[in-house]
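Enquirer: input03.cif is reproduced in full below (mmCIF, C-alpha atoms).
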```
data_protein
#
loop_
_atom_site.group_PDB
_atom_site.id
_atom_site.type_symbol
_atom_site.label_atom_id
_atom_site.label_comp_id
_atom_site.auth_asym_id
_atom_site.auth_seq_id
_atom_site.Cartn_x
_atom_site.Cartn_y
_atom_site.Cartn_z
ATOM 1 C CA MET Q 1 39.628 195.315 200.286
ATOM 2 C CA ALA Q 2 39.405 194.217 196.708
ATOM 3 C CA LYS Q 3 38.300 190.676 196.051
ATOM 4 C CA ARG Q 4 41.110 188.378 194.931
ATOM 5 C CA SER Q 5 40.851 186.466 191.697
ATOM 6 C CA ALA Q 6 40.856 182.673 191.615
ATOM 7 C CA TYR Q 7 44.404 182.808 190.274
ATOM 8 C CA GLN Q 8 45.576 184.903 193.224
ATOM 9 C CA ASP Q 9 43.829 182.559 195.669
ATOM 10 C CA ARG Q 10 45.631 179.597 194.089
ATOM 11 C CA ILE Q 11 49.006 181.325 194.386
ATOM 12 C CA ILE Q 12 48.406 182.121 198.063
ATOM 13 C CA ARG Q 13 47.176 178.589 198.808
ATOM 14 C CA ASN Q 14 50.191 177.021 197.045
ATOM 15 C CA TYR Q 15 52.558 179.249 198.993
ATOM 16 C CA TYR Q 16 51.163 178.135 202.339
ATOM 17 C CA GLN Q 17 51.098 174.482 201.270
ATOM 18 C CA ASN Q 18 54.784 174.659 200.326
ATOM 19 C CA ARG Q 19 55.985 176.937 203.115
ATOM 20 C CA ASP Q 20 58.072 174.196 204.756
ATOM 21 C CA ALA Q 21 59.874 173.405 201.517
ATOM 22 C CA ILE Q 22 60.459 177.099 200.900
ATOM 23 C CA GLY Q 23 61.953 177.461 204.397
ATOM 24 C CA LEU Q 24 64.279 174.503 203.873
ATOM 25 C CA GLN Q 25 65.381 175.924 200.545
ATOM 26 C CA ARG Q 26 66.163 179.221 202.269
ATOM 27 C CA LEU Q 27 68.159 177.369 204.936
ATOM 28 C CA SER Q 28 70.234 175.578 202.322
ATOM 29 C CA GLU Q 29 70.941 178.885 200.560
ATOM 30 C CA LEU Q 30 72.068 180.413 203.858
ATOM 31 C CA VAL Q 31 74.397 177.445 204.480
ATOM 32 C CA THR Q 32 76.016 178.139 201.117
ATOM 33 C CA ASP Q 33 76.356 181.803 202.052
ATOM 34 C CA LEU Q 34 77.925 180.793 205.360
ATOM 35 C CA TYR Q 35 80.542 178.653 203.602
ATOM 36 C CA LEU Q 36 81.552 181.648 201.492
ATOM 37 C CA ALA Q 37 81.318 184.408 204.120
ATOM 38 C CA GLU Q 38 84.146 185.737 206.240
ATOM 39 C CA GLY Q 39 84.324 188.267 209.075
ATOM 40 C CA LYS Q 40 81.344 190.555 209.520
ATOM 41 C CA ALA Q 41 79.509 189.001 206.599
ATOM 42 C CA ARG Q 42 79.654 185.648 208.407
ATOM 43 C CA GLN Q 43 78.098 187.205 211.516
ATOM 44 C CA ARG Q 44 75.335 188.702 209.373
ATOM 45 C CA VAL Q 45 74.574 185.301 207.836
ATOM 46 C CA TRP Q 46 74.337 183.757 211.326
ATOM 47 C CA LYS Q 47 71.833 186.468 212.290
ATOM 48 C CA GLN Q 48 69.714 185.446 209.301
ATOM 49 C CA LEU Q 49 70.106 181.759 210.105
ATOM 50 C CA LEU Q 50 68.837 181.947 213.682
ATOM 51 C CA PRO Q 51 65.186 182.789 212.888
ATOM 52 C CA ALA Q 52 65.182 180.365 209.944
ATOM 53 C CA LEU Q 53 66.371 177.540 212.209
ATOM 54 C CA GLN Q 54 63.754 178.398 214.817
ATOM 55 C CA LYS Q 55 60.997 178.357 212.187
ATOM 56 C CA ALA Q 56 62.245 174.953 211.023
ATOM 57 C CA GLY Q 57 61.631 173.601 214.535
ATOM 58 C CA VAL Q 58 65.233 173.114 215.633
ATOM 59 C CA SER Q 59 65.654 173.107 219.405
ATOM 60 C CA GLN Q 60 67.337 176.118 221.004
ATOM 61 C CA SER Q 61 70.091 173.980 222.555
ATOM 62 C CA ARG Q 62 70.988 172.606 219.123
ATOM 63 C CA ILE Q 63 70.979 176.104 217.631
ATOM 64 C CA ASP Q 64 73.293 177.308 220.405
ATOM 65 C CA HIS Q 65 75.637 174.384 219.713
ATOM 66 C CA LEU Q 66 75.728 175.189 215.983
ATOM 67 C CA VAL Q 67 76.432 178.872 216.603
ATOM 68 C CA GLN Q 68 79.164 178.064 219.094
ATOM 69 C CA ALA Q 69 80.806 175.539 216.767
ATOM 70 C CA ASP Q 70 80.539 177.951 213.796
ATOM 71 C CA ASN Q 71 80.919 174.980 211.467
ATOM 72 C CA PRO Q 72 78.997 175.120 208.181
ATOM 73 C CA ALA Q 73 79.437 171.349 207.724
ATOM 74 C CA LEU Q 74 77.407 170.681 210.895
ATOM 75 C CA LEU Q 75 74.733 173.043 209.689
ATOM 76 C CA ALA Q 76 74.672 171.398 206.262
ATOM 77 C CA SER Q 77 74.166 167.981 207.863
ATOM 78 C CA LEU Q 78 71.293 169.390 209.926
ATOM 79 C CA VAL Q 79 69.614 170.830 206.823
ATOM 80 C CA GLN Q 80 70.072 167.465 205.072
ATOM 81 C CA GLU Q 81 68.466 165.761 208.085
ATOM 82 C CA LEU Q 82 65.537 168.190 207.985
ATOM 83 C CA MET Q 83 65.037 167.604 204.262
ATOM 84 C CA GLU Q 84 64.848 163.858 204.796
ATOM 85 C CA GLN Q 85 62.012 164.218 207.300
#
```
Kindly transcribe the structure held in the file into structure tokens.

Expert:
Amino acid sequence: MAKRSAYQDRIIRNYYQNRDAIGLQRLSELVTDLYLAEGKARQRVWKQLLPALQKAGVSQSRIDHLVQADNPALLASLVQELMEQ
């Protein structure tokens, strides 16, 4: 493997330091997509949301409740709660 430059090392280090914030940003983008999606597109967004919620540390029972309710407002309040932590 080629040796990384100091610049590349800094980029990689910054990514891992900010991974939580990046994940929360992704969750908020998916909530917006969920508000706008209908039909099959909505199901596809939920499939993307499930792993993102698990990575954010949300309990499986809460994820199941959100999926069953299919309410973007509940999901938005959860993301807001996660951002405040």

Enquirer: Which residue gives the smallest distance to Q:Leu78 among Q:Gln48, Q:Ser61, Q:Ser28, Q:Asn18, with all atoms listed in the file counted?

Expert: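 Under the stated criterion, the closest residue is Q:Ser28.
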
Enquirer: Please report the interatomic distance between atom CA of Q:Gln85 and atom CA of Q:Asp33 in Å with one decimal.

Expert: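 Computing it gives 23.3 Å between the two atoms.
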
Enquirer: One number please: atom CA of Q:Arg44 to atom CA of Q:Arg26, in Å, one decimal.

Expert: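 Atom-to-atom, atom CA of Q:Arg44 and atom CA of Q:Arg26 are spaced 15.0 Å apart.
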
Enquirer: Just the residues within 10 Å of Q:Asp70, please, counting all atoms listed in the file, with nothing from its chain fewer than 6 positions along; format it as a list in words.

Expert: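 Selected residues are Leu34, Arg42, Gln43, Trp46 and Asp64 of chain Q.
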
Enquirer: Skip Q:Leu50 itself and residues of its chain fewer than 6 positions away, then list as an MDAnalysis selection string all residues within 10 Å of it, counting all atoms listed in the file.

Expert: chainID Q and resid 27 56 58 60 63:64 66:67

Enquirer: Determine the residue membership of the PyMOL selection byres ((chain Q and resi 24) around 10) for the file above and supply it as a PyMOL selection string.

Expert: chain Q and resi 19-23+25-30+52-53+55-56+79-80+82-83

Enquirer: Between atom CA of Q:Glu84 and atom CA of Q:Ile11, what is the distance in Å, rounded to a tenth?

Expert: 25.8 Å

Enquirer: Go through Q:Ala69, Q:Ile12, Q:Ala2, Q:Leu49 and flag the residue nearest Q:Thr32, using all atoms listed in the file for the distances.

Expert: Q:Leu49

Enquirer: Evaluating the PyMOL selection byres ((chain Q and resi 72) around 8) on the displayed file yields which residues, as a list of chain:residue names?

Expert: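 Applied to this file, the PyMOL selection byres ((chain Q and resi 72) around 8) selects Q:Val31, Q:Leu34, Q:Tyr35, Q:Asp70, Q:Asn71, Q:Ala73, Q:Leu74, Q:Leu75, Q:Ala76.
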